[in-house]
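Shown next: input.cif, given as mmCIF, C-alpha atoms.
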```
data_work
loop_
_atom_site.label_atom_id
_atom_site.label_comp_id
_atom_site.auth_asym_id
_atom_site.auth_seq_id
_atom_site.Cartn_x
_atom_site.Cartn_y
_atom_site.Cartn_z
CA MET A 1 -69.30 -14.57 84.04
CA TYR A 2 -65.73 -14.59 85.37
CA GLU A 3 -65.46 -10.91 86.21
CA ASN A 4 -62.36 -10.00 88.20
CA LYS A 5 -63.44 -7.57 90.91
CA GLU A 6 -60.80 -8.43 93.49
CA GLN A 7 -57.78 -6.30 94.26
CA GLN A 8 -54.95 -6.56 91.73
CA GLN A 9 -52.62 -9.39 92.64
CA THR A 10 -48.85 -9.03 92.83
CA ALA A 11 -46.77 -11.61 91.00
CA LEU A 12 -43.19 -12.82 90.71
CA LEU A 13 -42.09 -14.48 87.47
CA ALA A 14 -39.72 -17.44 87.58
CA ALA A 15 -37.87 -19.43 84.91
CA VAL A 16 -35.03 -21.90 84.42
CA ASP A 17 -32.61 -21.19 81.57
CA THR A 18 -31.26 -24.45 80.13
CA GLY A 19 -30.03 -22.78 76.95
CA GLU A 20 -32.62 -24.59 74.83
CA PHE A 21 -34.64 -21.44 74.09
CA ASP A 22 -34.50 -17.65 74.44
CA VAL A 23 -35.52 -17.42 78.09
CA GLN A 24 -35.46 -13.61 78.12
CA ARG A 25 -37.90 -13.39 75.25
CA SER A 26 -40.09 -16.05 76.82
CA ILE A 27 -40.27 -14.36 80.22
CA ASP A 28 -40.97 -11.01 78.52
CA GLU A 29 -44.00 -12.66 76.96
CA LEU A 30 -44.92 -14.22 80.31
CA GLU A 31 -44.96 -10.72 81.82
CA GLU A 32 -47.35 -9.55 79.11
CA LEU A 33 -49.56 -12.56 79.81
CA ALA A 34 -49.52 -11.81 83.54
CA LYS A 35 -50.49 -8.18 82.92
CA SER A 36 -53.20 -9.33 80.52
CA ALA A 37 -54.58 -11.50 83.34
CA GLY A 38 -54.63 -8.50 85.68
CA ALA A 39 -51.49 -9.09 87.76
CA GLN A 40 -48.92 -6.51 88.83
CA VAL A 41 -45.48 -7.99 88.14
CA MET A 42 -43.07 -7.18 90.97
CA GLY A 43 -39.97 -8.96 89.76
CA ARG A 44 -38.33 -11.84 87.90
CA VAL A 45 -35.97 -14.63 88.84
CA ILE A 46 -34.09 -16.71 86.26
CA GLN A 47 -31.75 -19.56 87.14
CA LYS A 48 -29.25 -20.93 84.64
CA LYS A 49 -29.27 -24.68 84.99
CA GLU A 50 -28.19 -27.56 82.75
CA LYS A 51 -31.56 -29.23 83.26
CA PRO A 52 -34.59 -28.53 85.46
CA ASP A 53 -34.69 -30.19 88.87
CA PRO A 54 -37.24 -33.03 88.58
CA ALA A 55 -38.55 -32.32 92.09
CA THR A 56 -38.63 -28.51 92.31
CA LEU A 57 -37.61 -27.24 88.83
CA MET A 58 -35.15 -24.77 90.42
CA GLY A 59 -32.27 -25.61 92.70
CA ALA A 60 -32.90 -25.57 96.44
CA GLY A 61 -30.85 -22.40 97.02
CA ARG A 62 -32.53 -20.36 94.30
CA LEU A 63 -35.96 -21.58 95.34
CA GLN A 64 -35.27 -20.39 98.88
CA GLU A 65 -34.33 -16.98 97.47
CA VAL A 66 -37.71 -16.94 95.76
CA ALA A 67 -39.39 -17.78 99.07
CA ASP A 68 -37.50 -15.00 100.87
CA PHE A 69 -38.45 -12.44 98.20
CA VAL A 70 -42.09 -13.53 98.33
CA ARG A 71 -42.22 -13.03 102.10
CA ALA A 72 -40.33 -9.72 102.02
CA GLN A 73 -42.50 -8.22 99.29
CA ASN A 74 -45.74 -9.93 100.30
CA ILE A 75 -46.14 -11.48 96.82
CA ASP A 76 -49.51 -13.09 96.14
CA LEU A 77 -48.52 -15.34 93.28
CA VAL A 78 -45.45 -16.93 91.65
CA ILE A 79 -45.83 -17.72 87.96
CA PHE A 80 -43.40 -20.24 86.45
CA ASP A 81 -42.56 -19.99 82.77
CA HIS A 82 -42.78 -23.76 82.46
CA GLU A 83 -45.39 -26.45 82.66
CA LEU A 84 -45.11 -27.81 86.20
CA ALA A 85 -45.56 -31.50 86.92
CA PRO A 86 -47.96 -32.31 89.78
CA ALA A 87 -45.10 -33.23 92.15
CA GLN A 88 -43.14 -30.09 91.25
CA LEU A 89 -46.16 -27.90 91.93
CA LYS A 90 -46.65 -29.45 95.35
CA ASN A 91 -42.96 -29.34 96.31
CA ILE A 92 -42.45 -25.74 95.19
CA GLU A 93 -45.48 -24.58 97.12
CA LYS A 94 -44.13 -26.18 100.31
CA VAL A 95 -40.93 -24.13 100.05
CA VAL A 96 -42.28 -20.83 98.72
CA ASP A 97 -45.42 -20.87 100.84
CA THR A 98 -47.64 -18.90 98.47
CA ALA A 99 -49.83 -19.58 95.46
CA ILE A 100 -47.99 -21.18 92.53
CA ILE A 101 -49.18 -21.46 88.94
CA ASP A 102 -47.48 -22.27 85.65
CA ARG A 103 -47.63 -20.72 82.19
CA THR A 104 -50.42 -23.01 80.97
CA THR A 105 -52.64 -22.25 83.98
CA LEU A 106 -52.07 -18.53 83.41
CA ILE A 107 -53.13 -18.76 79.76
CA LEU A 108 -56.21 -20.80 80.63
CA ASP A 109 -57.11 -18.16 83.22
CA ILE A 110 -56.95 -15.47 80.54
CA PHE A 111 -59.15 -17.65 78.34
CA ALA A 112 -61.66 -17.95 81.18
CA GLN A 113 -61.75 -14.15 81.51
CA ARG A 114 -62.15 -13.47 77.79
CA ALA A 115 -64.41 -16.21 76.45
CA LYS A 116 -67.87 -14.72 75.91
CA THR A 117 -69.89 -17.27 73.94
CA SER A 118 -71.33 -20.41 75.49
CA GLU A 119 -69.15 -22.49 73.17
CA GLY A 120 -66.03 -20.61 74.16
CA ARG A 121 -66.74 -20.93 77.88
CA LEU A 122 -67.45 -24.64 77.45
CA GLN A 123 -64.13 -25.26 75.69
CA VAL A 124 -62.19 -23.25 78.27
CA GLU A 125 -63.77 -25.05 81.22
CA LEU A 126 -63.07 -28.41 79.59
CA ALA A 127 -59.42 -27.49 79.05
CA GLN A 128 -59.07 -26.23 82.64
CA LEU A 129 -60.59 -29.36 84.13
CA LYS A 130 -58.42 -31.71 82.07
CA TYR A 131 -55.29 -29.77 83.01
CA ARG A 132 -56.13 -29.44 86.70
CA LEU A 133 -57.24 -33.02 87.35
CA PRO A 134 -53.75 -34.58 87.65
CA ARG A 135 -52.50 -31.52 89.59
CA LEU A 136 -55.09 -31.41 92.36
CA GLY A 137 -52.65 -32.46 95.08
CA GLY A 138 -50.55 -29.34 94.49
CA LEU A 139 -53.39 -27.03 93.57
CA GLY A 140 -55.26 -27.44 96.82
CA THR A 141 -53.42 -24.82 98.81
CA SER A 142 -52.93 -22.56 95.78
CA LEU A 143 -56.63 -22.41 95.06
CA SER A 144 -57.52 -21.58 98.64
CA ARG A 145 -54.80 -18.92 98.91
CA LEU A 146 -55.73 -17.28 95.65
CA GLY A 147 -59.28 -16.89 96.88
CA GLY A 148 -60.79 -16.49 93.42
CA GLY A 149 -57.81 -14.78 91.79
CA ILE A 150 -55.60 -15.65 88.82
CA GLY A 151 -55.56 -19.38 88.18
CA THR A 152 -58.92 -20.08 89.83
CA ARG A 153 -61.37 -18.57 87.36
CA GLY A 154 -63.78 -20.84 85.58
CA PRO A 155 -64.47 -23.97 87.61
CA GLY A 156 -62.22 -22.98 90.55
CA GLU A 157 -65.02 -22.36 93.02
CA LYS A 158 -66.21 -25.99 92.70
CA LYS A 159 -63.50 -27.12 95.20
CA LEU A 160 -61.64 -29.00 92.49
CA GLU A 161 -58.88 -30.08 94.85
CA THR A 162 -61.20 -32.44 96.72
CA ASP A 163 -63.82 -33.52 94.23
CA ARG A 164 -62.21 -35.75 91.61
CA ARG A 165 -65.44 -37.55 90.89
CA TYR A 166 -67.18 -34.27 90.15
CA ILE A 167 -64.41 -33.31 87.71
CA LYS A 168 -64.59 -36.59 85.82
CA GLU A 169 -68.38 -36.36 85.58
CA ARG A 170 -68.16 -32.73 84.46
CA ILE A 171 -65.54 -33.59 81.81
CA ALA A 172 -67.81 -36.32 80.42
CA GLU A 173 -70.72 -33.88 80.33
CA LEU A 174 -68.67 -31.18 78.62
CA ASN A 175 -67.30 -33.66 76.08
CA LYS A 176 -70.85 -34.57 75.16
CA ASP A 177 -71.82 -30.92 74.77
CA ALA A 178 -68.67 -30.24 72.73
CA GLN A 179 -69.53 -33.07 70.37
CA GLU A 180 -72.99 -31.59 69.79
CA ILE A 181 -71.37 -28.23 68.98
CA ARG A 182 -68.94 -29.89 66.55
CA THR A 183 -71.86 -31.63 64.81
CA HIS A 184 -73.71 -28.32 64.49
CA ARG A 185 -70.60 -26.60 63.11
CA GLU A 186 -70.14 -29.37 60.53
CA LEU A 187 -73.70 -28.80 59.33
CA LEU A 188 -73.07 -25.06 58.96
CA ARG A 189 -69.80 -25.76 57.16
CA ALA A 190 -71.55 -28.14 54.77
CA GLN A 191 -74.20 -25.50 54.02
CA ARG A 192 -71.51 -22.92 53.23
CA SER A 193 -69.73 -25.43 50.98
CA LYS A 194 -72.93 -26.04 49.00
CA LYS A 195 -73.26 -22.31 48.37
CA GLY A 196 -69.70 -22.23 47.10
CA THR A 197 -68.81 -19.09 49.05
CA PRO A 198 -65.05 -19.01 49.78
CA VAL A 199 -63.94 -18.86 53.41
CA ILE A 200 -60.90 -16.78 54.39
CA SER A 201 -59.39 -17.20 57.87
CA LEU A 202 -57.26 -14.59 59.60
CA VAL A 203 -54.54 -16.66 61.27
CA GLY A 204 -51.59 -15.48 63.34
CA TYR A 205 -50.07 -14.80 66.72
CA THR A 206 -52.11 -13.26 69.50
CA ASN A 207 -52.22 -9.45 69.41
CA ALA A 208 -51.04 -9.40 65.78
CA GLY A 209 -54.05 -7.37 64.60
CA LYS A 210 -56.44 -10.02 63.27
CA SER A 211 -59.52 -8.52 64.96
CA THR A 212 -58.55 -5.04 63.78
CA ILE A 213 -58.39 -6.27 60.19
CA LEU A 214 -61.80 -7.96 60.53
CA ASN A 215 -63.29 -4.74 61.91
CA ARG A 216 -61.81 -2.64 59.11
CA LEU A 217 -63.11 -4.96 56.38
CA SER A 218 -66.53 -5.79 57.80
CA ASP A 219 -67.47 -3.37 60.60
CA ALA A 220 -67.84 -6.44 62.82
CA GLY A 221 -67.29 -4.49 66.05
CA VAL A 222 -65.10 -7.22 67.55
CA LEU A 223 -63.10 -6.22 70.65
CA ALA A 224 -59.59 -5.20 69.58
CA GLU A 225 -57.14 -4.22 72.33
CA ASP A 226 -53.35 -4.09 72.65
CA LYS A 227 -53.08 -7.14 74.90
CA LEU A 228 -52.49 -10.86 74.53
CA PHE A 229 -55.60 -12.97 73.87
CA ALA A 230 -57.96 -9.99 73.98
CA THR A 231 -60.54 -12.01 72.00
CA LEU A 232 -61.19 -15.70 72.54
CA ASP A 233 -64.18 -16.37 70.30
CA THR A 234 -64.09 -16.86 66.54
CA THR A 235 -66.19 -14.43 64.52
CA THR A 236 -67.26 -14.83 60.89
CA ARG A 237 -68.64 -12.09 58.66
CA LYS A 238 -69.64 -12.06 55.00
CA ILE A 239 -67.90 -9.32 53.02
CA GLU A 240 -68.10 -8.18 49.44
CA LEU A 241 -64.88 -7.91 47.45
CA PRO A 242 -64.21 -5.00 45.03
CA GLY A 243 -65.18 -7.22 42.08
CA GLY A 244 -68.61 -7.90 43.55
CA SER A 245 -68.03 -11.50 44.73
CA GLU A 246 -68.64 -12.46 48.38
CA VAL A 247 -66.47 -14.33 50.89
CA PHE A 248 -66.74 -15.35 54.53
CA LEU A 249 -63.99 -13.76 56.65
CA THR A 250 -63.21 -15.46 59.97
CA ASP A 251 -61.23 -14.03 62.89
CA THR A 252 -59.55 -16.93 64.71
CA VAL A 253 -58.03 -17.29 68.20
CA GLY A 254 -54.36 -16.28 68.20
CA PHE A 255 -51.45 -18.63 68.77
#
```
Taking this structure as input, can you express it in the form of structure tokens?
Amino acid sequence: MYENKEQQQTALLAAVDTGEFDVQRSIDELEELAKSAGAQVMGRVIQKKEKPDPATLMGAGRLQEVADFVRAQNIDLVIFDHELAPAQLKNIEKVVDTAIIDRTTLILDIFAQRAKTSEGRLQVELAQLKYRLPRLGGLGTSLSRLGGGIGTRGPGEKKLETDRRYIKERIAELNKDAQEIRTHRELLRAQRSKKGTPVISLVGYTNAGKSTILNRLSDAGVLAEDKLFATLDTTTRKIELPGGSEVFLTDTVGF
């Protein structure tokens, strides 16, 4: 549904190092996420700073360096390794003059690419709408510049930056649908409980090998690739243990 047929986008990664976490490890993971979304990473910029600037996250000088690099290299997209506040998103875009997204938007974009079931697509769209609603002021230019690229998949083509009423109505509709799905799942769970069949869940970080284990034990045929969030839909299969007893084995979405 959200097939990416456009030319591969170029991206610059950006982060602020306050010393509170391993920024190098975090931006390494951000690069893997960007590649998983289909971007070609052209560079990184990390600024050491006691605390993020409340208006632009980075300092004015470093942000201008980002803008200069973007223009010189014709970068399509800057991905920040932080969750950007609505005002920060808008202010950064004014200086850098290209599409800006944050880590959360990137992950939701990957989810939109990978979700295959109707339930999965519903949950992803709901998450995207709830996250985008307070950020519409900054997202307006980004969405138009991206032209259907990373950060705009899912409900992007609905002109989210101008139609707040549509978003709120769509969220209400999706919440209703999600509740119906939860009710259906509870019925299935109750039926499994009555049968007394144990349920085993494969839980862990994304790309840790959960889908591979499920395939080995059950021949489920679930997609298993060496990339972050390759599978976004839970899959359950009944397997027989060596002793003859049966269990339900569930592949979950990675952390």
Quick one: residues within 9 Å of Gly221 (chain A), only C-alpha atoms, excluding same-chain residues fewer than 5 positions away - as a CSV table (one decimal) with C-alpha atoms, in the coordinates of the input?
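Output file part-v2.csv is given in full below:
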```csv
chain,number,residue,atom,x,y,z
A,211,SER,CA,-59.5,-8.5,65.0
A,214,LEU,CA,-61.8,-8.0,60.5
A,215,ASN,CA,-63.3,-4.7,61.9
```
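For the file at hand, the PyMOL selection byres ((chain A and resi 74) around 12) resolves to Gln9, Thr10, Ala11, Leu12, Met42, Val66, Ala67, Asp68, Phe69, Val70, Arg71, Ala72, Gln73, Ile75, Asp76, Leu77, Val78, Val96, Asp97, Thr98 and Ala99 of chain A.
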Would you mind listing what lies within 9 Å of Pro54 (chain A) as a PDB file with C-alpha atoms, keeping the file's coordinate frame, with all atoms listed in the file counted and same-chain residues fewer than 6 positions away left out?
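Saved as selection-v4.pdb:
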```
ATOM      1  CA  ALA A  85     -45.560 -31.500  86.920  1.00  0.00           C
ATOM      2  CA  ALA A  87     -45.100 -33.230  92.150  1.00  0.00           C
ATOM      3  CA  GLN A  88     -43.140 -30.090  91.250  1.00  0.00           C
TER       4      GLN A  88
END
```
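Here the PyMOL selection byres ((chain A and resi 246-249) around 7) catches exactly these residues: Thr197, Pro198, Val199, Ile200, Ser201, Thr236, Arg237, Lys238, Ile239, Glu240, Leu241, Gly244, Ser245, Thr250 and Asp251 of chain A.
CA of Ile171 (chain A) to CA of Leu126 (chain A) spans 6.2 Å [interatomic distance, one decimal].
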When the PyMOL selection byres ((chain A and resi 172-181) around 12) is applied to the structure above, which residues does it catch, written out as number ranges by chain? A: 118-130, 165-171, 182-188
What separation in Å, quoted to one decimal, exists between CA of Leu223 (chain A) and CA of Val253 (chain A)? 12.4 Å
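What separates CA of Arg25 (chain A) from CA of Val222 (chain A) is a distance of 28.9 Å.
With all atoms listed in the file as the basis for measurement, A:Thr252 is the residue among A:Gln113, A:Ser218, A:Thr234, A:Thr252 that approaches Leu202 (chain A) most closely.
When all atoms listed in the file are used to compute distances to Leu106 (chain A), the closest of the residues A:Asn207, A:Gln64, A:Gln47, A:Ser36 turns out to be A:Ser36.
Take the candidates A:Ala55, A:Val23, A:Leu63, A:Ile110 and check each one against Gly38 (chain A) using all atoms listed in the file; the shortest distance goes to A:Ile110.
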Met58 (chain A) surroundings by only C-alpha atoms, 12 Å radius, close-in-sequence under 3 positions cut, as number ranges by chain: A: 14-18, 45-55, 61-67, 80-82, 84, 88-89, 91-92, 95-96
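For the set A:Arg189, A:Arg164, A:Arg103, A:Arg135, the residue with the smallest atom-to-atom gap to Lys90 (chain A) is A:Arg135, counting only C-alpha atoms.
For the choices A:Ile107, A:Ile27, A:Val203, A:Ala224, the atom-to-atom distance to Val41 (chain A) is smallest for A:Ile27 when using only C-alpha atoms.
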